[in-house]
Amino acid sequence: MHALLTYLRRYRDSRKHVRPWALAVPILVLLICLPLLRPLRHADPRQISDHEIARLATVQAMVERGTLALDFDTFQPEQNVIEVREEFYADQPPVFSALLASAYWSMHRLDVTFATHPALVTYLLTVLGTTLPAAGIAGLVYRMGRLFELPRIWRTALAAVVVFGGGVLAYATVLNEHVPAAALVMSSAACLVHIALIKRRLSASVWLTLAGFCAALAMTVDLTAAAFAPLLGGVVLALPWSRLTRAGALLLYILGMVPPILLHLALTIPVTGDWRPGNLHPELAAPLALAPYDAFDSDDWDDDLTDNGYGTLVLRSLIRVGDTLFGGNGLLSHFPILILGALGISMVMHRHWPNSTKMLAVASAAAAIGVIVLAAIDQPGDPGYASRWFVVVMPMLTFWIGAWLRRPHRPLSWALAGIVLAFSTLITFIGATGPLPRDGFTGYTAADAFDRLITGQSPEIAPSFVAARP
């Protein structure tokens, strides 16, 4: 007993259990977000977006009725709904709803339900589903900042830039799948960074499996995150090990991906008949529920090519990409701080950086380019703030600002960086006041959101889907 007490005393004295610099930004995220959460600003379910209503209705159905089919008693979405065998389902990937249902099951056992305390339940689910993952991103960035050999205060600053300047905070106040998917992508990348920094191969096997699990779970929560799963596998193959060891590492990474994929298939196939969730089955859209976006049709692409030729098609594609980057919902028109992330990626490409770090930087850039191209082709007409489809890639892009921070710069460069950071942070905070209004945004989303914030305009209450259904 004495030996055990001596060991515990030495362990206590040899380790610093509370790291103020690491906790500073996550705590700040919670202090900012908790008063801004959507259930406090708009408690009436008829005044929130159909995207969130469909999610909450699915969570309620899974716990209270044991099915994914919606009953429309408490929540009545008009969009994001599909009809299968005369039953209605949310068209969203169901894994995130299943994770939230596990939390609601505990609340339901304590008699805290949507029937008795709807605002409280929604508030708690939003905290667990989006706000805590946003705070977790800040903690992960601080940990991963060791890759750049930055001092603690600079790692804290980097975490603040990623969360406040990179747009993550804008969607941390409303229930959505993009922020948790971004946190899972960062978790997978953090596992790979940790493997590259440690020397113990035995513990590396655990981190490899966990990296694959997080990458696959992110993919099943938000399909946009699917761009990262194979690219992070390439990071595993770039680790400085022998070929046989890297092959085994990739196998462990793939093995970790199996459970989330199986869960997705188990929840999706009984509803849609294959692995695709309802939003990839436009033919299943409920008759009176407007489709959330126009799905890409290859026949339209062929018609454009036949009628206008390659030149017009290329020009139109470039215009779409430009609108995706600089338009009313554009990525760089709202968050120009991402330009510094791109500069950081270019700096990592120098020869003195390890191959695994270079591959992680390439994976970040390639995933972002893939999402931008798909968004430009599909033109979803997103009613959300800026473009919520980019949330999953933005933390990984802004993380590479750490490579820019470790280099000396002229005062003019620091001044320009400060300007774009201040602008991006301001846009992020404006978006956090209401990123998913029921009636959507028009024009430049930052200006629209700021006008709603100043004038106090409330979303128009539309007639319910059930009342309109014959």
# chains A, B, ... in the order shown; residues from 1 in each chain; ligands from 1

call {"tool": "closest_atom_pairs", "arguments": {"of": "stretch 320-408 of chain A", "to": "stretch 421-428 of chain A", "cutoff": "7 Å", "atoms": "only C-alpha atoms", "output": "JSON lines"}}
result
{"residue": "A:His334", "atom": "CA", "partner": "A:Ser424", "partner_atom": "CA", "distance": 6.3}
{"residue": "A:Phe335", "atom": "CA", "partner": "A:Ser424", "partner_atom": "CA", "distance": 4.7}
{"residue": "A:Pro336", "atom": "CA", "partner": "A:Ser424", "partner_atom": "CA", "distance": 6.4}
{"residue": "A:Ile337", "atom": "CA", "partner": "A:Leu421", "partner_atom": "CA", "distance": 5.6}

call {"tool": "write_last_selection", "arguments": {"atoms": "N, CA, C and O atoms", "output": "JSON list (two decimals), in the first residue's frame"}}
result
[["chain", "number", "residue", "atom", "x", "y", "z"],
["A", 334, "HIS", "N", -16.33, 34.99, -47.54],
["A", 334, "HIS", "CA", -16.69, 35.05, -46.13],
["A", 334, "HIS", "C", -15.48, 34.80, -45.22],
["A", 334, "HIS", "O", -15.38, 35.40, -44.15],
["A", 335, "PHE", "N", -14.59, 33.92, -45.62],
["A", 335, "PHE", "CA", -13.47, 33.54, -44.75],
["A", 335, "PHE", "C", -12.14, 33.61, -45.51],
["A", 335, "PHE", "O", -11.55, 32.57, -45.86],
["A", 336, "PRO", "N", -11.67, 34.83, -45.81],
["A", 336, "PRO", "CA", -10.40, 34.95, -46.55],
["A", 336, "PRO", "C", -9.19, 34.47, -45.77],
["A", 336, "PRO", "O", -8.11, 34.34, -46.36],
["A", 337, "ILE", "N", -9.34, 34.20, -44.48],
["A", 337, "ILE", "CA", -8.23, 33.68, -43.68],
["A", 337, "ILE", "C", -7.75, 32.35, -44.23],
["A", 337, "ILE", "O", -6.60, 31.94, -44.00]]

call {"tool": "closest_residue", "arguments": {"among": "A:Gly145, A:Thr74, A:Ala368, A:Leu37", "to": "A:Thr116", "atoms": "only C-alpha atoms"}}
result
A:Thr74

call {"tool": "residues_around", "arguments": {"residues": "A:Leu192", "least_positions_apart": "5", "cutoff": "8 Å", "atoms": "only C-alpha atoms", "output": "short mmCIF file (atom, residue, chain, number, x, y, z; two decimals) with N, CA and C atoms, in the first residue's frame"}}
result
data_model
loop_
_atom_site.label_atom_id
_atom_site.label_comp_id
_atom_site.auth_asym_id
_atom_site.auth_seq_id
_atom_site.Cartn_x
_atom_site.Cartn_y
_atom_site.Cartn_z
N TRP A 207 -3.83 3.79 -32.11
CA TRP A 207 -4.12 5.08 -32.72
C TRP A 207 -4.49 4.93 -34.19
N LEU A 208 -3.91 3.96 -34.89
CA LEU A 208 -4.27 3.74 -36.29
C LEU A 208 -5.71 3.27 -36.41
N ALA A 211 -7.92 6.17 -35.72
CA ALA A 211 -7.94 7.10 -36.85
C ALA A 211 -8.91 6.64 -37.92
N VAL A 235 -1.89 9.10 -45.87
CA VAL A 235 -0.98 9.57 -44.83
C VAL A 235 -0.37 8.38 -44.09
N VAL A 236 -1.18 7.35 -43.87
CA VAL A 236 -0.67 6.13 -43.21
C VAL A 236 0.45 5.51 -44.04
#

call {"tool": "closest_atom_pairs", "arguments": {"of": "stretch 36-98 of chain A", "to": "stretch 215-230 of chain A", "cutoff": "8 Å", "atoms": "only C-alpha atoms", "output": "JSON lines"}}
result
{"residue": "A:Pro93", "atom": "CA", "partner": "A:Val221", "partner_atom": "CA", "distance": 6.4}
{"residue": "A:Pro94", "atom": "CA", "partner": "A:Val221", "partner_atom": "CA", "distance": 7.5}
{"residue": "A:Val95", "atom": "CA", "partner": "A:Val221", "partner_atom": "CA", "distance": 5.7}
{"residue": "A:Phe96", "atom": "CA", "partner": "A:Val221", "partner_atom": "CA", "distance": 5.2}

call {"tool": "write_last_selection", "arguments": {"atoms": "N, CA, C and O atoms", "output": "tab-separated table (two decimals), in the first residue's frame"}}
result
chain	number	residue	atom	x	y	z
A	93	PRO	N	-28.41	11.33	-43.65
A	93	PRO	CA	-27.74	10.11	-43.17
A	93	PRO	C	-28.11	9.86	-41.71
A	93	PRO	O	-28.07	10.78	-40.88
A	94	PRO	N	-28.49	8.63	-41.34
A	94	PRO	CA	-29.09	8.40	-40.02
A	94	PRO	C	-28.12	8.19	-38.88
A	94	PRO	O	-28.55	8.10	-37.72
A	95	VAL	N	-26.82	8.09	-39.13
A	95	VAL	CA	-25.88	7.75	-38.06
A	95	VAL	C	-25.83	8.85	-37.00
A	95	VAL	O	-25.83	8.57	-35.79
A	96	PHE	N	-25.79	10.10	-37.42
A	96	PHE	CA	-25.75	11.20	-36.45
A	96	PHE	C	-27.01	11.20	-35.59
A	96	PHE	O	-26.97	11.46	-34.38

call {"tool": "atom_distance", "arguments": {"atom1": "atom CA of A:Ala376", "atom2": "atom CA of A:Ile419"}}
result
27.9 Å

call {"tool": "closest_residue", "arguments": {"among": "A:Asn355, A:Ser364, A:Thr122, A:Thr209", "to": "A:Thr173", "atoms": "only C-alpha atoms"}}
result
A:Thr122

call {"tool": "closest_residue", "arguments": {"among": "A:Val81, A:Val271, A:Leu31, A:Ala160", "to": "A:Thr67", "atoms": "only C-alpha atoms"}}
result
A:Val271

call {"tool": "select_by_dssp", "arguments": {"residues": "stretch 366-452 of chain A", "states": "helix (DSSP H, G or I)", "output": "PyMOL selection string"}}
result
chain A and resi 366-378+388-390+394-399+401-405+411-432+445-452

call {"tool": "closest_residue", "arguments": {"among": "A:Val373, A:Ile32, A:Val25, A:Leu280", "to": "A:Ala172", "atoms": "only C-alpha atoms"}}
result
A:Ile32

call {"tool": "atom_distance", "arguments": {"atom1": "atom CA of A:Ala43", "atom2": "atom CA of A:Ile454"}}
result
19.7 Å

call {"tool": "select_by_dssp", "arguments": {"residues": "stretch 26-270 of chain A", "states": "strand (DSSP E or B)", "output": "list of chain:residue names"}}
result
A:Ile48, A:Val81, A:Ile82, A:Glu83, A:Val84, A:Glu87, A:Phe88, A:Tyr89, A:Ala90

call {"tool": "atom_distance", "arguments": {"atom1": "atom CA of A:Leu36", "atom2": "atom CA of A:His51"}}
result
18.6 Å

call {"tool": "residues_around", "arguments": {"residues": "A:Leu175", "least_positions_apart": "6", "cutoff": "9 Å", "atoms": "only C-alpha atoms", "output": "list in words"}}
result
Leu37, Arg38, His51, Glu52, Arg55, Leu56, Thr122, Tyr123, Leu125, Thr126, Val127, Gly129, Thr130 and Thr131 of chain A

call {"tool": "write_last_selection", "arguments": {"atoms": "N, CA, C and O atoms", "output": "short mmCIF file (atom, residue, chain, number, x, y, z; two decimals), in the first residue's frame"}}
result
data_model
loop_
_atom_site.label_atom_id
_atom_site.label_comp_id
_atom_site.auth_asym_id
_atom_site.auth_seq_id
_atom_site.Cartn_x
_atom_site.Cartn_y
_atom_site.Cartn_z
N LEU A 37 -27.22 29.57 -28.41
CA LEU A 37 -27.79 28.36 -29.01
C LEU A 37 -29.21 28.62 -29.50
O LEU A 37 -29.99 29.35 -28.87
N ARG A 38 -29.56 28.01 -30.61
CA ARG A 38 -30.84 28.24 -31.26
C ARG A 38 -32.05 28.05 -30.33
O ARG A 38 -32.99 28.87 -30.36
N HIS A 51 -34.19 21.38 -41.85
CA HIS A 51 -33.05 20.48 -41.67
C HIS A 51 -32.94 20.04 -40.22
O HIS A 51 -32.75 18.86 -39.92
N GLU A 52 -33.08 20.98 -39.30
CA GLU A 52 -32.99 20.64 -37.88
C GLU A 52 -34.26 19.93 -37.41
O GLU A 52 -34.19 19.01 -36.58
N ARG A 55 -34.07 16.32 -38.26
CA ARG A 55 -33.13 15.61 -37.38
C ARG A 55 -33.77 15.31 -36.04
O ARG A 55 -33.68 14.19 -35.52
N LEU A 56 -34.43 16.31 -35.44
CA LEU A 56 -35.05 16.11 -34.13
C LEU A 56 -36.19 15.11 -34.22
O LEU A 56 -36.39 14.29 -33.30
N THR A 122 -33.85 19.95 -26.72
CA THR A 122 -33.19 20.44 -27.93
C THR A 122 -31.90 21.17 -27.59
O THR A 122 -30.89 21.03 -28.29
N TYR A 123 -31.93 21.94 -26.52
CA TYR A 123 -30.73 22.66 -26.09
C TYR A 123 -29.61 21.68 -25.73
O TYR A 123 -28.45 21.84 -26.17
N LEU A 125 -29.25 18.54 -26.65
CA LEU A 125 -28.79 17.81 -27.84
C LEU A 125 -27.89 18.69 -28.70
O LEU A 125 -26.91 18.20 -29.29
N THR A 126 -28.19 19.98 -28.77
CA THR A 126 -27.34 20.89 -29.53
C THR A 126 -25.97 21.04 -28.87
O THR A 126 -24.94 21.06 -29.56
N VAL A 127 -25.96 21.13 -27.55
CA VAL A 127 -24.68 21.21 -26.84
C VAL A 127 -23.84 19.97 -27.11
O VAL A 127 -22.64 20.05 -27.44
N GLY A 129 -24.24 17.69 -29.52
CA GLY A 129 -24.03 17.35 -30.93
C GLY A 129 -23.13 18.30 -31.69
O GLY A 129 -22.41 17.87 -32.60
N THR A 130 -23.13 19.59 -31.32
CA THR A 130 -22.36 20.56 -32.12
C THR A 130 -21.44 21.45 -31.28
O THR A 130 -20.31 21.71 -31.68
N THR A 131 -21.92 21.94 -30.13
CA THR A 131 -21.11 22.89 -29.38
C THR A 131 -19.87 22.24 -28.78
O THR A 131 -18.75 22.77 -28.89
#

call {"tool": "residues_around", "arguments": {"residues": "A:Ala90", "least_positions_apart": "2", "cutoff": "7 Å", "atoms": "only C-alpha atoms", "output": "list in words"}}
result
Ala54, Thr58, Asn80, Val81, Ile82 and Gln92 of chain A

call {"tool": "write_last_selection", "arguments": {"atoms": "N, CA and C atoms", "output": "PDB file, in the first residue's frame"}}
result
ATOM      1  N   ALA A  54     -36.177  17.907 -39.118  1.00  0.00           N
ATOM      2  CA  ALA A  54     -36.119  16.518 -39.557  1.00  0.00           C
ATOM      3  C   ALA A  54     -35.177  15.704 -38.682  1.00  0.00           C
ATOM      4  N   THR A  58     -36.392  12.575 -36.216  1.00  0.00           N
ATOM      5  CA  THR A  58     -35.809  11.239 -36.316  1.00  0.00           C
ATOM      6  C   THR A  58     -35.321  10.744 -34.961  1.00  0.00           C
ATOM      7  N   ASN A  80     -36.574  18.001 -46.642  1.00  0.00           N
ATOM      8  CA  ASN A  80     -35.698  16.968 -46.087  1.00  0.00           C
ATOM      9  C   ASN A  80     -36.484  15.730 -45.694  1.00  0.00           C
ATOM     10  N   VAL A  81     -37.525  15.413 -46.469  1.00  0.00           N
ATOM     11  CA  VAL A  81     -38.384  14.270 -46.177  1.00  0.00           C
ATOM     12  C   VAL A  81     -38.499  13.403 -47.429  1.00  0.00           C
ATOM     13  N   ILE A  82     -38.443  12.089 -47.241  1.00  0.00           N
ATOM     14  CA  ILE A  82     -38.678  11.144 -48.330  1.00  0.00           C
ATOM     15  C   ILE A  82     -39.836  10.232 -47.931  1.00  0.00           C
ATOM     16  N   GLN A  92     -31.758  12.604 -44.357  1.00  0.00           N
ATOM     17  CA  GLN A  92     -30.381  12.772 -43.910  1.00  0.00           C
ATOM     18  C   GLN A  92     -29.740  11.421 -43.572  1.00  0.00           C
TER      19      GLN A  92
END

call {"tool": "residues_around", "arguments": {"residues": "stretch 251-256 of chain A", "least_positions_apart": "2", "cutoff": "7 Å", "atoms": "only C-alpha atoms", "output": "list in words"}}
result
Ser205, Leu208, Thr209, Leu210, Ala211, Gly212, Phe213, Ala247, Gly248, Ala249, Val258 and Pro259 of chain A

call {"tool": "residues_around", "arguments": {"residues": "A:Arg41", "least_positions_apart": "2", "cutoff": "12 Å", "atoms": "only C-alpha atoms", "output": "mmCIF file with all heavy atoms, in the first residue's frame"}}
result
data_model
loop_
_atom_site.group_PDB
_atom_site.id
_atom_site.type_symbol
_atom_site.label_atom_id
_atom_site.label_comp_id
_atom_site.auth_asym_id
_atom_site.auth_seq_id
_atom_site.Cartn_x
_atom_site.Cartn_y
_atom_site.Cartn_z
ATOM 1 N N CYS A 33 -20.843 30.325 -27.108
ATOM 2 C CA CYS A 33 -21.912 29.598 -27.801
ATOM 3 C C CYS A 33 -23.126 29.320 -26.922
ATOM 4 O O CYS A 33 -24.265 29.394 -27.405
ATOM 5 C CB CYS A 33 -21.370 28.272 -28.345
ATOM 6 S SG CYS A 33 -20.230 28.456 -29.722
ATOM 7 N N LEU A 34 -22.914 28.982 -25.676
ATOM 8 C CA LEU A 34 -24.039 28.545 -24.840
ATOM 9 C C LEU A 34 -25.165 29.573 -24.764
ATOM 10 O O LEU A 34 -26.342 29.204 -24.808
ATOM 11 C CB LEU A 34 -23.535 28.184 -23.437
ATOM 12 C CG LEU A 34 -22.642 26.932 -23.360
ATOM 13 C CD1 LEU A 34 -22.215 26.658 -21.929
ATOM 14 C CD2 LEU A 34 -23.372 25.716 -23.939
ATOM 15 N N PRO A 35 -24.872 30.879 -24.670
ATOM 16 C CA PRO A 35 -25.996 31.841 -24.685
ATOM 17 C C PRO A 35 -26.607 32.060 -26.068
ATOM 18 O O PRO A 35 -27.679 32.660 -26.172
ATOM 19 C CB PRO A 35 -25.358 33.142 -24.179
ATOM 20 C CG PRO A 35 -24.033 32.762 -23.611
ATOM 21 C CD PRO A 35 -23.599 31.558 -24.367
ATOM 22 N N LEU A 36 -25.932 31.609 -27.128
ATOM 23 C CA LEU A 36 -26.409 31.859 -28.490
ATOM 24 C C LEU A 36 -27.107 30.666 -29.118
ATOM 25 O O LEU A 36 -27.525 30.753 -30.279
ATOM 26 C CB LEU A 36 -25.234 32.273 -29.389
ATOM 27 C CG LEU A 36 -24.560 33.611 -29.090
ATOM 28 C CD1 LEU A 36 -23.364 33.814 -30.019
ATOM 29 C CD2 LEU A 36 -25.541 34.757 -29.240
ATOM 30 N N LEU A 37 -27.225 29.566 -28.405
ATOM 31 C CA LEU A 37 -27.793 28.364 -29.010
ATOM 32 C C LEU A 37 -29.210 28.622 -29.503
ATOM 33 O O LEU A 37 -29.989 29.345 -28.869
ATOM 34 C CB LEU A 37 -27.787 27.212 -28.015
ATOM 35 C CG LEU A 37 -26.415 26.662 -27.608
ATOM 36 C CD1 LEU A 37 -26.566 25.379 -26.822
ATOM 37 C CD2 LEU A 37 -25.520 26.444 -28.812
ATOM 38 N N ARG A 38 -29.558 28.007 -30.614
ATOM 39 C CA ARG A 38 -30.837 28.244 -31.263
ATOM 40 C C ARG A 38 -32.045 28.052 -30.331
ATOM 41 O O ARG A 38 -32.992 28.868 -30.364
ATOM 42 C CB ARG A 38 -30.928 27.336 -32.502
ATOM 43 C CG ARG A 38 -32.006 27.722 -33.508
ATOM 44 C CD ARG A 38 -33.382 27.223 -33.142
ATOM 45 N NE ARG A 38 -33.376 25.805 -32.852
ATOM 46 C CZ ARG A 38 -34.291 25.190 -32.132
ATOM 47 N NH1 ARG A 38 -35.288 25.865 -31.610
ATOM 48 N NH2 ARG A 38 -34.218 23.898 -31.916
ATOM 49 N N PRO A 39 -32.106 27.027 -29.474
ATOM 50 C CA PRO A 39 -33.290 26.883 -28.612
ATOM 51 C C PRO A 39 -33.537 28.076 -27.697
ATOM 52 O O PRO A 39 -34.679 28.291 -27.272
ATOM 53 C CB PRO A 39 -32.966 25.619 -27.798
ATOM 54 C CG PRO A 39 -32.036 24.843 -28.659
ATOM 55 C CD PRO A 39 -31.201 25.873 -29.350
ATOM 56 N N ALA A 43 -37.389 29.174 -29.696
ATOM 57 C CA ALA A 43 -37.800 27.931 -29.054
ATOM 58 C C ALA A 43 -38.945 27.243 -29.786
ATOM 59 O O ALA A 43 -39.138 26.038 -29.643
ATOM 60 C CB ALA A 43 -38.206 28.197 -27.603
ATOM 61 N N ASP A 44 -39.701 27.975 -30.562
ATOM 62 C CA ASP A 44 -40.846 27.403 -31.270
ATOM 63 C C ASP A 44 -40.355 26.517 -32.411
ATOM 64 O O ASP A 44 -39.654 26.987 -33.312
ATOM 65 C CB ASP A 44 -41.722 28.528 -31.820
ATOM 66 C CG ASP A 44 -43.059 28.019 -32.358
ATOM 67 O OD1 ASP A 44 -43.181 26.793 -32.580
ATOM 68 O OD2 ASP A 44 -43.965 28.845 -32.551
ATOM 69 N N PRO A 45 -40.712 25.208 -32.420
ATOM 70 C CA PRO A 45 -40.254 24.321 -33.509
ATOM 71 C C PRO A 45 -40.686 24.788 -34.882
ATOM 72 O O PRO A 45 -40.059 24.445 -35.879
ATOM 73 C CB PRO A 45 -40.895 22.973 -33.149
ATOM 74 C CG PRO A 45 -41.172 23.053 -31.683
ATOM 75 C CD PRO A 45 -41.486 24.491 -31.415
ATOM 76 N N GLN A 47 -40.418 27.680 -36.046
ATOM 77 C CA GLN A 47 -39.587 28.793 -36.474
ATOM 78 C C GLN A 47 -38.146 28.375 -36.784
ATOM 79 O O GLN A 47 -37.295 29.245 -36.959
ATOM 80 C CB GLN A 47 -39.576 29.886 -35.397
ATOM 81 C CG GLN A 47 -40.915 30.562 -35.200
ATOM 82 C CD GLN A 47 -40.856 31.644 -34.140
ATOM 83 O OE1 GLN A 47 -40.092 31.548 -33.185
ATOM 84 N NE2 GLN A 47 -41.655 32.676 -34.309
ATOM 85 N N ILE A 48 -37.872 27.099 -36.835
ATOM 86 C CA ILE A 48 -36.513 26.635 -37.112
ATOM 87 C C ILE A 48 -36.479 25.919 -38.452
ATOM 88 O O ILE A 48 -37.521 25.579 -39.019
ATOM 89 C CB ILE A 48 -35.987 25.726 -35.978
ATOM 90 C CG1 ILE A 48 -36.843 24.471 -35.846
ATOM 91 C CG2 ILE A 48 -35.954 26.479 -34.666
ATOM 92 C CD1 ILE A 48 -36.355 23.513 -34.798
ATOM 93 N N ALA A 119 -37.763 22.484 -25.258
ATOM 94 C CA ALA A 119 -36.651 23.418 -25.436
ATOM 95 C C ALA A 119 -35.402 22.920 -24.727
ATOM 96 O O ALA A 119 -34.287 23.024 -25.267
ATOM 97 C CB ALA A 119 -37.038 24.803 -24.909
ATOM 98 N N TYR A 123 -31.926 21.939 -26.521
ATOM 99 C CA TYR A 123 -30.726 22.661 -26.086
ATOM 100 C C TYR A 123 -29.605 21.682 -25.730
ATOM 101 O O TYR A 123 -28.454 21.843 -26.168
ATOM 102 C CB TYR A 123 -31.075 23.525 -24.879
ATOM 103 C CG TYR A 123 -29.952 24.425 -24.417
ATOM 104 C CD1 TYR A 123 -29.814 25.714 -24.911
ATOM 105 C CD2 TYR A 123 -29.026 23.987 -23.475
ATOM 106 C CE1 TYR A 123 -28.786 26.549 -24.497
ATOM 107 C CE2 TYR A 123 -28.000 24.809 -23.050
ATOM 108 C CZ TYR A 123 -27.886 26.086 -23.554
ATOM 109 O OH TYR A 123 -26.859 26.890 -23.131
ATOM 110 N N THR A 173 -23.844 26.779 -32.998
ATOM 111 C CA THR A 173 -24.986 27.209 -32.194
ATOM 112 C C THR A 173 -26.299 26.596 -32.653
ATOM 113 O O THR A 173 -27.352 26.920 -32.111
ATOM 114 C CB THR A 173 -25.111 28.738 -32.239
ATOM 115 O OG1 THR A 173 -25.280 29.156 -33.605
ATOM 116 C CG2 THR A 173 -23.877 29.405 -31.654
ATOM 117 N N VAL A 174 -26.262 25.706 -33.625
ATOM 118 C CA VAL A 174 -27.472 25.077 -34.134
ATOM 119 C C VAL A 174 -27.154 23.613 -34.421
ATOM 120 O O VAL A 174 -26.014 23.266 -34.756
ATOM 121 C CB VAL A 174 -27.969 25.794 -35.403
ATOM 122 C CG1 VAL A 174 -26.969 25.660 -36.536
ATOM 123 C CG2 VAL A 174 -29.338 25.287 -35.835
ATOM 124 N N ALA A 432 -22.956 33.041 -36.341
ATOM 125 C CA ALA A 432 -23.322 32.268 -35.150
ATOM 126 C C ALA A 432 -24.651 32.694 -34.563
ATOM 127 O O ALA A 432 -25.249 31.947 -33.781
ATOM 128 C CB ALA A 432 -22.225 32.402 -34.093
ATOM 129 N N THR A 433 -25.159 33.877 -34.925
ATOM 130 C CA THR A 433 -26.435 34.335 -34.385
ATOM 131 C C THR A 433 -27.634 33.640 -35.017
ATOM 132 O O THR A 433 -28.747 33.751 -34.494
ATOM 133 C CB THR A 433 -26.581 35.847 -34.577
ATOM 134 O OG1 THR A 433 -26.539 36.157 -35.986
ATOM 135 C CG2 THR A 433 -25.449 36.590 -33.878
ATOM 136 N N GLY A 434 -27.428 32.922 -36.120
ATOM 137 C CA GLY A 434 -28.549 32.225 -36.754
ATOM 138 C C GLY A 434 -28.148 31.640 -38.085
ATOM 139 O O GLY A 434 -28.503 32.174 -39.130
ATOM 140 N N PRO A 435 -27.387 30.542 -38.100
ATOM 141 C CA PRO A 435 -26.857 30.024 -39.365
ATOM 142 C C PRO A 435 -27.862 29.263 -40.220
ATOM 143 O O PRO A 435 -27.632 29.089 -41.405
ATOM 144 C CB PRO A 435 -25.740 29.085 -38.894
ATOM 145 C CG PRO A 435 -26.164 28.648 -37.530
ATOM 146 C CD PRO A 435 -26.893 29.811 -36.932
ATOM 147 N N PRO A 437 -31.709 29.759 -40.672
ATOM 148 C CA PRO A 437 -33.080 30.267 -40.503
ATOM 149 C C PRO A 437 -34.066 29.463 -41.337
ATOM 150 O O PRO A 437 -33.704 28.865 -42.345
ATOM 151 C CB PRO A 437 -32.975 31.707 -40.996
ATOM 152 C CG PRO A 437 -31.851 31.683 -41.972
ATOM 153 C CD PRO A 437 -30.878 30.667 -41.452
ATOM 154 N N LEU A 453 -30.042 40.512 -37.653
ATOM 155 C CA LEU A 453 -29.598 40.733 -36.283
ATOM 156 C C LEU A 453 -29.948 42.141 -35.819
ATOM 157 O O LEU A 453 -30.366 42.344 -34.667
ATOM 158 C CB LEU A 453 -28.089 40.501 -36.187
ATOM 159 C CG LEU A 453 -27.450 40.636 -34.807
ATOM 160 C CD1 LEU A 453 -28.004 39.598 -33.847
ATOM 161 C CD2 LEU A 453 -25.934 40.489 -34.925
ATOM 162 N N GLY A 456 -34.040 42.670 -36.100
ATOM 163 C CA GLY A 456 -34.842 41.742 -35.300
ATOM 164 C C GLY A 456 -35.905 41.024 -36.095
ATOM 165 O O GLY A 456 -36.894 40.545 -35.541
ATOM 166 N N SER A 458 -37.916 38.204 -37.641
ATOM 167 C CA SER A 458 -38.066 36.786 -37.330
ATOM 168 C C SER A 458 -38.442 35.999 -38.565
ATOM 169 O O SER A 458 -39.085 36.518 -39.443
ATOM 170 C CB SER A 458 -39.117 36.514 -36.303
ATOM 171 O OG SER A 458 -39.639 37.535 -35.765
ATOM 172 N N PRO A 459 -38.030 34.722 -38.619
ATOM 173 C CA PRO A 459 -38.393 33.886 -39.758
ATOM 174 C C PRO A 459 -39.909 33.734 -39.871
ATOM 175 O O PRO A 459 -40.599 33.634 -38.871
ATOM 176 C CB PRO A 459 -37.718 32.545 -39.447
ATOM 177 C CG PRO A 459 -36.681 32.861 -38.436
ATOM 178 C CD PRO A 459 -37.161 34.035 -37.677
#

call {"tool": "closest_residue", "arguments": {"among": "A:Met349, A:Arg316, A:Phe429, A:Leu340", "to": "A:Ile377", "atoms": "only C-alpha atoms"}}
result
A:Arg316
